[in-house]
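Notes follow once the structure below has been shown.
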Amino acid sequence: MNENPAALIPELALLAAAVLGLLAGSWLPRTRQWPVAVLAGAACVTGLVATGLAFPRPPETVFGSHAVDTTTNATRLIVLVAVLLAVGASVDTARARPRETEYWVLLLLGALGAVLLAGATDLLLLFAAFLLASIPLYALVGWAATASGTEAAMKYYLSGAFAGVTMITGVALLYAAGGGTAYATLRDGLAAAGGRSVPALAAVGLIAVLAGLAFKAGAVPAHFWVPDVSEGTPAPVAGIVTTIPKIGALVAALRLLSAAIPDEVVDWPLIVAILAAVSMTLGNLAAFFQSSVQRLLGYSAVSQVGYVLMAVAVASRTGQAAPALLVYLAAYAVTNLGAFAVAAAVVAPGGGPARTLDDHRGLARRRPALATALVVCLLGLVGTPPTGVFLGKLAVFTAAVDGGMAWLTVLAVVNTVASLFYYLRWIAPVFTDPPDRQPREQHGRPRPWASATAVTAAAASLAIGVGGGLLLGLVTGTG
């Protein structure tokens with residue numbers, strides 16, 4: 001067993017920044033807590049450097065339950081970059097607020113939980129990471145202390161409490177079926193166990209554990225919180241909760257299924273494929289009729305999970321699955337956060353946030369840079385070349401076909417084409433002036449930090465699409 005804490009520098013940097021930030025916030029004036037945001041950014045940069053240095057090292061398992069391998073390192077990079085974008089998108093929202101410190105601390109702890117989810121090789125650590133990726137974000141959703149935010153936080157918490165109870169029940173059932181909680185022990189135990197009751201017990205336990213991971217990912221049937229939370233919270237918070245925990249949950253599902261559950265004992269590829277099909281279809285159908293941009297992005301997040309789950313479904317059948325999943329998650333993270341950053345940046349007439357599709361009418365004339373970033377991000381979510389999500393979808397679709405699930409790929413292509421409709425419903429008003437052609441000044445200046453983050457995220461999405469070969473090469477050794 002490796003007990004070298006130096007292998008966990010990225011995780012320790014997030015934890016240290018959260019603890020130090022909370023202590024510093026107790027002494028800083030309530031209206032001048034920006035150093036905690038700087039500390040959060042510094043922790044992410046430290047983690048990125050440490051992760052870059054860790055890539056050439058051979059895989060290892062730290063403290064017997066946390067894998068440090070290509071998959072974990074790639075997840076670290078994705079999460080840390082996502083946190084940096086989230087910090088940039090959130091500055092205008094959180095700056096000089098009485099609870100600014102709490103905002104950054106909760107973000108850091110939620111990100112730490114996502115990374116631990118991805119590296120867990122034991123059911124007990126998996127559940128502990130689930131809690132760490134959940135509880136801070138419950139508080140973050142209600143951070144603004146508005147009526148809608150409080151309602152969203154309560155829905156999020158109640159959904160999470162139910163998912164958590166279900167998940168720990170599944171952990172107990174898998175332990176009973178396989179005789180262990182470590183993934184390697186569990187796999188051997190399930191493969192060696194006799195009797196007809198073992199596959200049934202393992203199947204029920206696995207479905208219960210997957211219910212918890214589906215909640216974190218926002219997948220059907222644990223998706224009900226996603227649109228309400230997306231609409232009821234500030235746009236940067238909605239971007240955080242629909243992006244960062246999803247990264248950890250989906251990588252955790254791939255690692256759990258491929259490393260711990262023999263598919264001859266439980267036909268989990270079919271289970272995951274059904275979840276993928278239902279998630280992408282329901283998310284797209286529900287998004288068609290939305291006029292709230294954040295609710296639209298919430299349902300879009302549900303549909304995106306369906307595409308990523310395609311790679312999870314074929315994880316035991318093709319070596320392309322894990323690299324495809326990681327590339328898709330990297331592209332989705334920057335693109336989704338970019339879209340929410342635009343929602344955070346645009347100011348509606350009267351000075352409030354631009355909540356509806358009509359609030360973005362004429363944006364191309366008033367703020368061409370923001371309009372361009374929005375178009376790139378929305379077409380990126382469709383999977384239009386040369387954006388990063390196009391590369392991710394291409395990799396995932398190829399992996400699904402290689403893994404014998406061509407039917408799922410056909411369904412995904414149909415859903416991709418259909419999704420263009422509701423994204424165009426948002427893009428069209430951007431290039432259409434309102435009847436009264438309101439002056440530029442009436443809308444107010446866009447929030448500068450969120451605007452810069454949106455443009456940066458759009459550029460990153462294009463960079464992943466153009467230079468995706470290098471990214472695929474980086475994660476080719478994933479397994």
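Ligands are numbered from 1 in the order shown, residues from 1 within each chain, and chains are lettered A, B, ... in the order they appear in the structure tokens.
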
Each residue of stretch 282-339 of chain A lying at most 8 Å from stretch 81-91 of chain A should get a row with its shortest atom-to-atom pair and the distance in Å to one decimal, counting only C-alpha atoms; could you produce that, ordered by chain and increasing number, as a Markdown table?
```
| residue | atom | partner | partner_atom | distance |
| --- | --- | --- | --- | --- |
| A:Ala333 | CA | A:Ala82 | CA | 6.2 |
| A:Val334 | CA | A:Ala82 | CA | 6.5 |
| A:Leu337 | CA | A:Ala86 | CA | 7.0 |
```

Nearby residues (only C-alpha atoms) at most 7 Å from A:Leu140, same-chain spacing under 3 positions excluded, as a ChimeraX atom specification: /A:103,106,136-137,143

- Item | Contacts of stretch 36-38 of chain A at 8 Å (only C-alpha atoms; same-chain gap of 2+ positions) as a VMD selection string | chain A and resid 21 24 to 25 33 to 34 40 to 42 87 101 104

Using only C-alpha atoms, which residues of stretch 222-300 of chain A come within 10 Å of stretch 378-400 of chain A, and what is the closest atom pair for each, with the distance in Å to one decimal? Give it as JSON lines, sorted by chain and residue number.
```
{"residue": "A:Ala273", "atom": "CA", "partner": "A:Ala400", "partner_atom": "CA", "distance": 9.8}
{"residue": "A:Leu297", "atom": "CA", "partner": "A:Leu378", "partner_atom": "CA", "distance": 9.4}
{"residue": "A:Ser300", "atom": "CA", "partner": "A:Leu381", "partner_atom": "CA", "distance": 8.2}
```

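Proximity of A:Ala177, A:Ala192, A:Leu112, A:Met280 to A:Val414, computed with only C-alpha atoms, is greatest for A:Met280.
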
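Separating atom CA of A:Gly113 from atom CA of A:Leu80 is a distance of 12.1 Å.
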
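Taking the backbone of this structure through DSSP, the residues of stretch 222-256 of chain A that come out as alpha helix (DSSP H) are Trp225, Val226, Pro227, Asp228, Val229, Ser230, Glu231, Gly232, Ala235, Pro236, Val237, Ala238, Gly239, Ile240, Val241, Ile244, Pro245, Lys246, Ile247, Gly248, Ala249, Leu250, Val251, Ala252, Ala253, Leu254, Arg255 and Leu256 of chain A.
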
Contact residues around stretch 282-292 of chain A with only C-alpha atoms at 8 Å, ignoring same-chain residues under 2 positions, as a list in words: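 With the cut-off at 8 Å, the set is Glu231, Val278, Ser279, Met280, Gln294, Arg295, Leu296, Leu297, Tyr299, Ser300, Ala301, Val302, Ser303, Arg355, Thr356, Leu357, Asn415, Ala418, Ser419, Phe421 and Tyr422 of chain A.
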
Now that the selection is made, can you save its residues with N, CA, C and O atoms as a PDB file, in the first residue's frame?
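For reference, again.pdb as written:
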```
ATOM      1  N   GLU A 231     -32.500  27.101 -12.796  1.00  0.00           N
ATOM      2  CA  GLU A 231     -33.272  28.329 -12.937  1.00  0.00           C
ATOM      3  C   GLU A 231     -33.283  29.161 -11.670  1.00  0.00           C
ATOM      4  O   GLU A 231     -33.325  30.399 -11.731  1.00  0.00           O
ATOM      5  N   VAL A 278     -32.505   7.246 -22.472  1.00  0.00           N
ATOM      6  CA  VAL A 278     -33.602   7.999 -21.861  1.00  0.00           C
ATOM      7  C   VAL A 278     -33.147   9.405 -21.491  1.00  0.00           C
ATOM      8  O   VAL A 278     -33.885  10.385 -21.672  1.00  0.00           O
ATOM      9  N   SER A 279     -31.929   9.542 -20.990  1.00  0.00           N
ATOM     10  CA  SER A 279     -31.441  10.861 -20.564  1.00  0.00           C
ATOM     11  C   SER A 279     -31.338  11.821 -21.743  1.00  0.00           C
ATOM     12  O   SER A 279     -31.807  12.958 -21.684  1.00  0.00           O
ATOM     13  N   MET A 280     -30.712  11.374 -22.833  1.00  0.00           N
ATOM     14  CA  MET A 280     -30.531  12.278 -23.971  1.00  0.00           C
ATOM     15  C   MET A 280     -31.876  12.642 -24.604  1.00  0.00           C
ATOM     16  O   MET A 280     -32.088  13.794 -25.021  1.00  0.00           O
ATOM     17  N   GLN A 294     -31.604  29.657 -18.402  1.00  0.00           N
ATOM     18  CA  GLN A 294     -30.941  28.776 -17.451  1.00  0.00           C
ATOM     19  C   GLN A 294     -31.676  27.443 -17.327  1.00  0.00           C
ATOM     20  O   GLN A 294     -31.049  26.398 -17.162  1.00  0.00           O
ATOM     21  N   ARG A 295     -32.988  27.472 -17.426  1.00  0.00           N
ATOM     22  CA  ARG A 295     -33.728  26.210 -17.415  1.00  0.00           C
ATOM     23  C   ARG A 295     -33.447  25.417 -18.686  1.00  0.00           C
ATOM     24  O   ARG A 295     -33.335  24.190 -18.655  1.00  0.00           O
ATOM     25  N   LEU A 296     -33.315  26.111 -19.803  1.00  0.00           N
ATOM     26  CA  LEU A 296     -32.955  25.452 -21.051  1.00  0.00           C
ATOM     27  C   LEU A 296     -31.596  24.768 -20.917  1.00  0.00           C
ATOM     28  O   LEU A 296     -31.421  23.619 -21.326  1.00  0.00           O
ATOM     29  N   LEU A 297     -30.628  25.485 -20.337  1.00  0.00           N
ATOM     30  CA  LEU A 297     -29.302  24.885 -20.154  1.00  0.00           C
ATOM     31  C   LEU A 297     -29.353  23.734 -19.157  1.00  0.00           C
ATOM     32  O   LEU A 297     -28.561  22.794 -19.250  1.00  0.00           O
ATOM     33  N   TYR A 299     -31.894  21.521 -18.793  1.00  0.00           N
ATOM     34  CA  TYR A 299     -32.321  20.338 -19.539  1.00  0.00           C
ATOM     35  C   TYR A 299     -31.261  19.911 -20.557  1.00  0.00           C
ATOM     36  O   TYR A 299     -31.101  18.721 -20.849  1.00  0.00           O
ATOM     37  N   SER A 300     -30.545  20.882 -21.112  1.00  0.00           N
ATOM     38  CA  SER A 300     -29.430  20.540 -21.987  1.00  0.00           C
ATOM     39  C   SER A 300     -28.393  19.711 -21.243  1.00  0.00           C
ATOM     40  O   SER A 300     -27.838  18.750 -21.796  1.00  0.00           O
ATOM     41  N   ALA A 301     -28.142  20.055 -19.977  1.00  0.00           N
ATOM     42  CA  ALA A 301     -27.183  19.294 -19.174  1.00  0.00           C
ATOM     43  C   ALA A 301     -27.643  17.856 -18.986  1.00  0.00           C
ATOM     44  O   ALA A 301     -26.821  16.924 -18.971  1.00  0.00           O
ATOM     45  N   VAL A 302     -28.954  17.648 -18.849  1.00  0.00           N
ATOM     46  CA  VAL A 302     -29.477  16.285 -18.731  1.00  0.00           C
ATOM     47  C   VAL A 302     -29.211  15.506 -20.013  1.00  0.00           C
ATOM     48  O   VAL A 302     -28.773  14.347 -19.986  1.00  0.00           O
ATOM     49  N   SER A 303     -29.468  16.140 -21.150  1.00  0.00           N
ATOM     50  CA  SER A 303     -29.247  15.435 -22.420  1.00  0.00           C
ATOM     51  C   SER A 303     -27.769  15.134 -22.637  1.00  0.00           C
ATOM     52  O   SER A 303     -27.411  14.068 -23.161  1.00  0.00           O
ATOM     53  N   ARG A 355     -32.665  36.723 -17.987  1.00  0.00           N
ATOM     54  CA  ARG A 355     -33.158  35.389 -17.681  1.00  0.00           C
ATOM     55  C   ARG A 355     -33.832  34.693 -18.862  1.00  0.00           C
ATOM     56  O   ARG A 355     -33.877  33.475 -18.923  1.00  0.00           O
ATOM     57  N   THR A 356     -34.416  35.454 -19.781  1.00  0.00           N
ATOM     58  CA  THR A 356     -35.224  34.852 -20.841  1.00  0.00           C
ATOM     59  C   THR A 356     -34.535  34.976 -22.194  1.00  0.00           C
ATOM     60  O   THR A 356     -33.567  35.733 -22.364  1.00  0.00           O
ATOM     61  N   LEU A 357     -35.077  34.244 -23.159  1.00  0.00           N
ATOM     62  CA  LEU A 357     -34.535  34.315 -24.512  1.00  0.00           C
ATOM     63  C   LEU A 357     -34.675  35.727 -25.075  1.00  0.00           C
ATOM     64  O   LEU A 357     -33.766  36.239 -25.742  1.00  0.00           O
ATOM     65  N   ASN A 415     -30.896  12.581 -31.768  1.00  0.00           N
ATOM     66  CA  ASN A 415     -31.048  13.565 -30.691  1.00  0.00           C
ATOM     67  C   ASN A 415     -30.169  14.781 -30.922  1.00  0.00           C
ATOM     68  O   ASN A 415     -30.559  15.906 -30.602  1.00  0.00           O
ATOM     69  N   ALA A 418     -31.890  16.929 -33.431  1.00  0.00           N
ATOM     70  CA  ALA A 418     -33.072  17.547 -32.830  1.00  0.00           C
ATOM     71  C   ALA A 418     -32.687  18.673 -31.870  1.00  0.00           C
ATOM     72  O   ALA A 418     -33.403  19.683 -31.759  1.00  0.00           O
ATOM     73  N   SER A 419     -31.561  18.525 -31.156  1.00  0.00           N
ATOM     74  CA  SER A 419     -31.172  19.536 -30.174  1.00  0.00           C
ATOM     75  C   SER A 419     -30.852  20.882 -30.822  1.00  0.00           C
ATOM     76  O   SER A 419     -30.926  21.923 -30.165  1.00  0.00           O
ATOM     77  N   PHE A 421     -32.572  22.557 -32.692  1.00  0.00           N
ATOM     78  CA  PHE A 421     -33.767  23.408 -32.704  1.00  0.00           C
ATOM     79  C   PHE A 421     -33.798  24.346 -31.514  1.00  0.00           C
ATOM     80  O   PHE A 421     -33.976  25.561 -31.661  1.00  0.00           O
ATOM     81  N   TYR A 422     -33.636  23.807 -30.295  1.00  0.00           N
ATOM     82  CA  TYR A 422     -33.799  24.691 -29.136  1.00  0.00           C
ATOM     83  C   TYR A 422     -32.580  25.578 -28.908  1.00  0.00           C
ATOM     84  O   TYR A 422     -32.706  26.660 -28.316  1.00  0.00           O
TER      85      TYR A 422
END
```

Output as a Markdown table one row per residue of stretch 93-168 of chain A within 8 Å of stretch 252-261 of chain A: the closest atom pair and its distance in Å to one decimal place, counting only C-alpha atoms, sorted by chain and residue number ascending.
```
| residue | atom | partner | partner_atom | distance |
| --- | --- | --- | --- | --- |
| A:Leu117 | CA | A:Ala252 | CA | 5.5 |
| A:Ala118 | CA | A:Ala252 | CA | 4.5 |
| A:Gly119 | CA | A:Ala252 | CA | 7.1 |
| A:Ala120 | CA | A:Ala252 | CA | 7.0 |
| A:Thr121 | CA | A:Leu256 | CA | 7.3 |
| A:Leu126 | CA | A:Ala252 | CA | 7.8 |
```

Can I get the selection written as an mmCIF file, in the first residue's frame, with C-alpha atoms?
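New file out20.cif:
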```cif
data_model
loop_
_atom_site.group_PDB
_atom_site.id
_atom_site.type_symbol
_atom_site.label_atom_id
_atom_site.label_comp_id
_atom_site.auth_asym_id
_atom_site.auth_seq_id
_atom_site.Cartn_x
_atom_site.Cartn_y
_atom_site.Cartn_z
ATOM 1 C CA LEU A 117 -15.105 10.472 -6.840
ATOM 2 C CA ALA A 118 -13.034 9.952 -9.965
ATOM 3 C CA GLY A 119 -10.130 8.313 -8.131
ATOM 4 C CA ALA A 120 -12.068 6.124 -5.702
ATOM 5 C CA THR A 121 -11.305 2.392 -5.862
ATOM 6 C CA LEU A 126 -16.853 6.471 -3.250
#
```

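Proximity to A:Leu370 at 8 Å, evaluated using only C-alpha atoms and with sequence-adjacent residues fewer than 6 positions away removed, yields A:Val342, A:Leu363, A:Ala364, A:Ser451, A:Ala454, A:Val455.
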
Preceding selection exported with all heavy atoms as a PDB file, in the first residue's frame:
```pdb
ATOM      1  N   VAL A 342     -22.081  33.504 -20.171  1.00  0.00           N
ATOM      2  CA  VAL A 342     -22.808  34.495 -20.963  1.00  0.00           C
ATOM      3  C   VAL A 342     -24.101  34.882 -20.254  1.00  0.00           C
ATOM      4  O   VAL A 342     -24.459  36.067 -20.171  1.00  0.00           O
ATOM      5  CB  VAL A 342     -23.108  33.954 -22.370  1.00  0.00           C
ATOM      6  CG1 VAL A 342     -24.011  34.926 -23.134  1.00  0.00           C
ATOM      7  CG2 VAL A 342     -21.815  33.734 -23.146  1.00  0.00           C
ATOM      8  N   LEU A 363     -28.401  41.194 -28.952  1.00  0.00           N
ATOM      9  CA  LEU A 363     -27.091  41.133 -28.295  1.00  0.00           C
ATOM     10  C   LEU A 363     -25.948  41.273 -29.289  1.00  0.00           C
ATOM     11  O   LEU A 363     -24.915  41.881 -28.978  1.00  0.00           O
ATOM     12  CB  LEU A 363     -26.971  39.822 -27.517  1.00  0.00           C
ATOM     13  CG  LEU A 363     -25.672  39.614 -26.727  1.00  0.00           C
ATOM     14  CD1 LEU A 363     -25.546  40.644 -25.613  1.00  0.00           C
ATOM     15  CD2 LEU A 363     -25.610  38.199 -26.160  1.00  0.00           C
ATOM     16  N   ALA A 364     -26.110  40.743 -30.499  1.00  0.00           N
ATOM     17  CA  ALA A 364     -25.032  40.807 -31.486  1.00  0.00           C
ATOM     18  C   ALA A 364     -24.694  42.238 -31.855  1.00  0.00           C
ATOM     19  O   ALA A 364     -23.535  42.566 -32.124  1.00  0.00           O
ATOM     20  CB  ALA A 364     -25.418  40.013 -32.738  1.00  0.00           C
ATOM     21  N   SER A 451     -18.000  38.212 -18.616  1.00  0.00           N
ATOM     22  CA  SER A 451     -17.798  38.376 -20.065  1.00  0.00           C
ATOM     23  C   SER A 451     -16.459  37.814 -20.496  1.00  0.00           C
ATOM     24  O   SER A 451     -16.364  37.079 -21.502  1.00  0.00           O
ATOM     25  CB  SER A 451     -17.888  39.860 -20.429  1.00  0.00           C
ATOM     26  OG  SER A 451     -19.150  40.401 -20.098  1.00  0.00           O
ATOM     27  N   ALA A 454     -16.563  34.059 -20.432  1.00  0.00           N
ATOM     28  CA  ALA A 454     -17.320  33.497 -21.548  1.00  0.00           C
ATOM     29  C   ALA A 454     -16.473  33.444 -22.810  1.00  0.00           C
ATOM     30  O   ALA A 454     -16.444  32.426 -23.529  1.00  0.00           O
ATOM     31  CB  ALA A 454     -18.585  34.308 -21.782  1.00  0.00           C
ATOM     32  N   VAL A 455     -15.768  34.526 -23.101  1.00  0.00           N
ATOM     33  CA  VAL A 455     -14.916  34.561 -24.288  1.00  0.00           C
ATOM     34  C   VAL A 455     -13.780  33.545 -24.160  1.00  0.00           C
ATOM     35  O   VAL A 455     -13.445  32.838 -25.119  1.00  0.00           O
ATOM     36  CB  VAL A 455     -14.370  35.984 -24.498  1.00  0.00           C
ATOM     37  CG1 VAL A 455     -13.341  36.009 -25.624  1.00  0.00           C
ATOM     38  CG2 VAL A 455     -15.515  36.948 -24.803  1.00  0.00           C
TER      39      VAL A 455
END
```

- request: Tell me, as a VMD selection string, which residues lie within 10 Å of A:Leu8, counting only C-alpha atoms; anything in the same chain fewer than 3 positions away does not count.
  value: chain A and resid 4 to 5 11 to 13 47 50 to 51 54 62 66 to 68

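Nearest residue to A:Ala161 among A:Ala182, A:Leu173, A:Val413, A:Gly212 is A:Gly212, counting only C-alpha atoms.
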
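Nearest to A:His360 of all the residues A:Leu408, A:Glu60, A:Ala330, A:Pro429 is A:Pro429, counting only C-alpha atoms.
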
Check: So which residues touch A:Ala369 within 12 Å, counting only C-alpha atoms, skipping near sequence neighbours fewer than 3 positions away, as a PyMOL selection string?
Finding: chain A and resi 342+345-346+363-366+372-376+430+446+448+451-456+458-459

Emit the selected residues as a JSON list (two decimals), in the first residue's frame, including N, CA and C atoms.
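Wrote it out as result10.json, contents follow:
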```json
[["chain", "number", "residue", "atom", "x", "y", "z"],
["A", 342, "VAL", "N", -22.08, 33.50, -20.17],
["A", 342, "VAL", "CA", -22.81, 34.50, -20.96],
["A", 342, "VAL", "C", -24.10, 34.88, -20.25],
["A", 345, "ALA", "N", -23.27, 37.23, -17.64],
["A", 345, "ALA", "CA", -22.70, 38.51, -18.07],
["A", 345, "ALA", "C", -23.75, 39.48, -18.61],
["A", 346, "VAL", "N", -24.75, 38.96, -19.32],
["A", 346, "VAL", "CA", -25.70, 39.83, -20.01],
["A", 346, "VAL", "C", -26.65, 40.46, -19.00],
["A", 363, "LEU", "N", -28.40, 41.19, -28.95],
["A", 363, "LEU", "CA", -27.09, 41.13, -28.30],
["A", 363, "LEU", "C", -25.95, 41.27, -29.29],
["A", 364, "ALA", "N", -26.11, 40.74, -30.50],
["A", 364, "ALA", "CA", -25.03, 40.81, -31.49],
["A", 364, "ALA", "C", -24.69, 42.24, -31.85],
["A", 365, "ARG", "N", -25.71, 43.11, -31.86],
["A", 365, "ARG", "CA", -25.45, 44.51, -32.19],
["A", 365, "ARG", "C", -24.81, 45.24, -31.01],
["A", 366, "ARG", "N", -25.28, 44.93, -29.80],
["A", 366, "ARG", "CA", -24.79, 45.64, -28.62],
["A", 366, "ARG", "C", -23.43, 45.14, -28.15],
["A", 372, "THR", "N", -20.75, 36.36, -29.98],
["A", 372, "THR", "CA", -19.91, 35.34, -30.62],
["A", 372, "THR", "C", -19.61, 34.20, -29.67],
["A", 373, "ALA", "N", -19.28, 34.54, -28.42],
["A", 373, "ALA", "CA", -19.01, 33.50, -27.43],
["A", 373, "ALA", "C", -20.24, 32.62, -27.21],
["A", 374, "LEU", "N", -21.41, 33.25, -27.17],
["A", 374, "LEU", "CA", -22.64, 32.48, -26.97],
["A", 374, "LEU", "C", -22.89, 31.53, -28.13],
["A", 375, "VAL", "N", -22.73, 32.02, -29.35],
["A", 375, "VAL", "CA", -22.95, 31.18, -30.52],
["A", 375, "VAL", "C", -21.98, 30.00, -30.52],
["A", 376, "VAL", "N", -20.72, 30.26, -30.22],
["A", 376, "VAL", "CA", -19.72, 29.18, -30.19],
["A", 376, "VAL", "C", -20.11, 28.14, -29.15],
["A", 430, "VAL", "N", -30.60, 36.68, -30.66],
["A", 430, "VAL", "CA", -29.33, 37.40, -30.51],
["A", 430, "VAL", "C", -29.07, 38.29, -31.72],
["A", 446, "PRO", "N", -22.29, 44.86, -19.59],
["A", 446, "PRO", "CA", -22.21, 43.45, -19.16],
["A", 446, "PRO", "C", -21.19, 43.30, -18.04],
["A", 448, "PRO", "N", -18.05, 42.40, -16.29],
["A", 448, "PRO", "CA", -16.76, 42.23, -16.99],
["A", 448, "PRO", "C", -16.11, 40.87, -16.78],
["A", 451, "SER", "N", -18.00, 38.21, -18.62],
["A", 451, "SER", "CA", -17.80, 38.38, -20.06],
["A", 451, "SER", "C", -16.46, 37.81, -20.50],
["A", 452, "ALA", "N", -15.41, 38.16, -19.77],
["A", 452, "ALA", "CA", -14.08, 37.65, -20.11],
["A", 452, "ALA", "C", -14.02, 36.13, -20.01],
["A", 453, "THR", "N", -14.70, 35.59, -18.99],
["A", 453, "THR", "CA", -14.72, 34.13, -18.83],
["A", 453, "THR", "C", -15.46, 33.46, -19.99],
["A", 454, "ALA", "N", -16.56, 34.06, -20.43],
["A", 454, "ALA", "CA", -17.32, 33.50, -21.55],
["A", 454, "ALA", "C", -16.47, 33.44, -22.81],
["A", 455, "VAL", "N", -15.77, 34.53, -23.10],
["A", 455, "VAL", "CA", -14.92, 34.56, -24.29],
["A", 455, "VAL", "C", -13.78, 33.55, -24.16],
["A", 456, "THR", "N", -13.19, 33.46, -22.97],
["A", 456, "THR", "CA", -12.11, 32.49, -22.75],
["A", 456, "THR", "C", -12.61, 31.06, -22.93],
["A", 458, "ALA", "N", -15.19, 30.02, -24.69],
["A", 458, "ALA", "CA", -15.48, 29.78, -26.10],
["A", 458, "ALA", "C", -14.19, 29.50, -26.87],
["A", 459, "ALA", "N", -13.15, 30.28, -26.57],
["A", 459, "ALA", "CA", -11.86, 30.05, -27.22],
["A", 459, "ALA", "C", -11.29, 28.68, -26.85]]
```
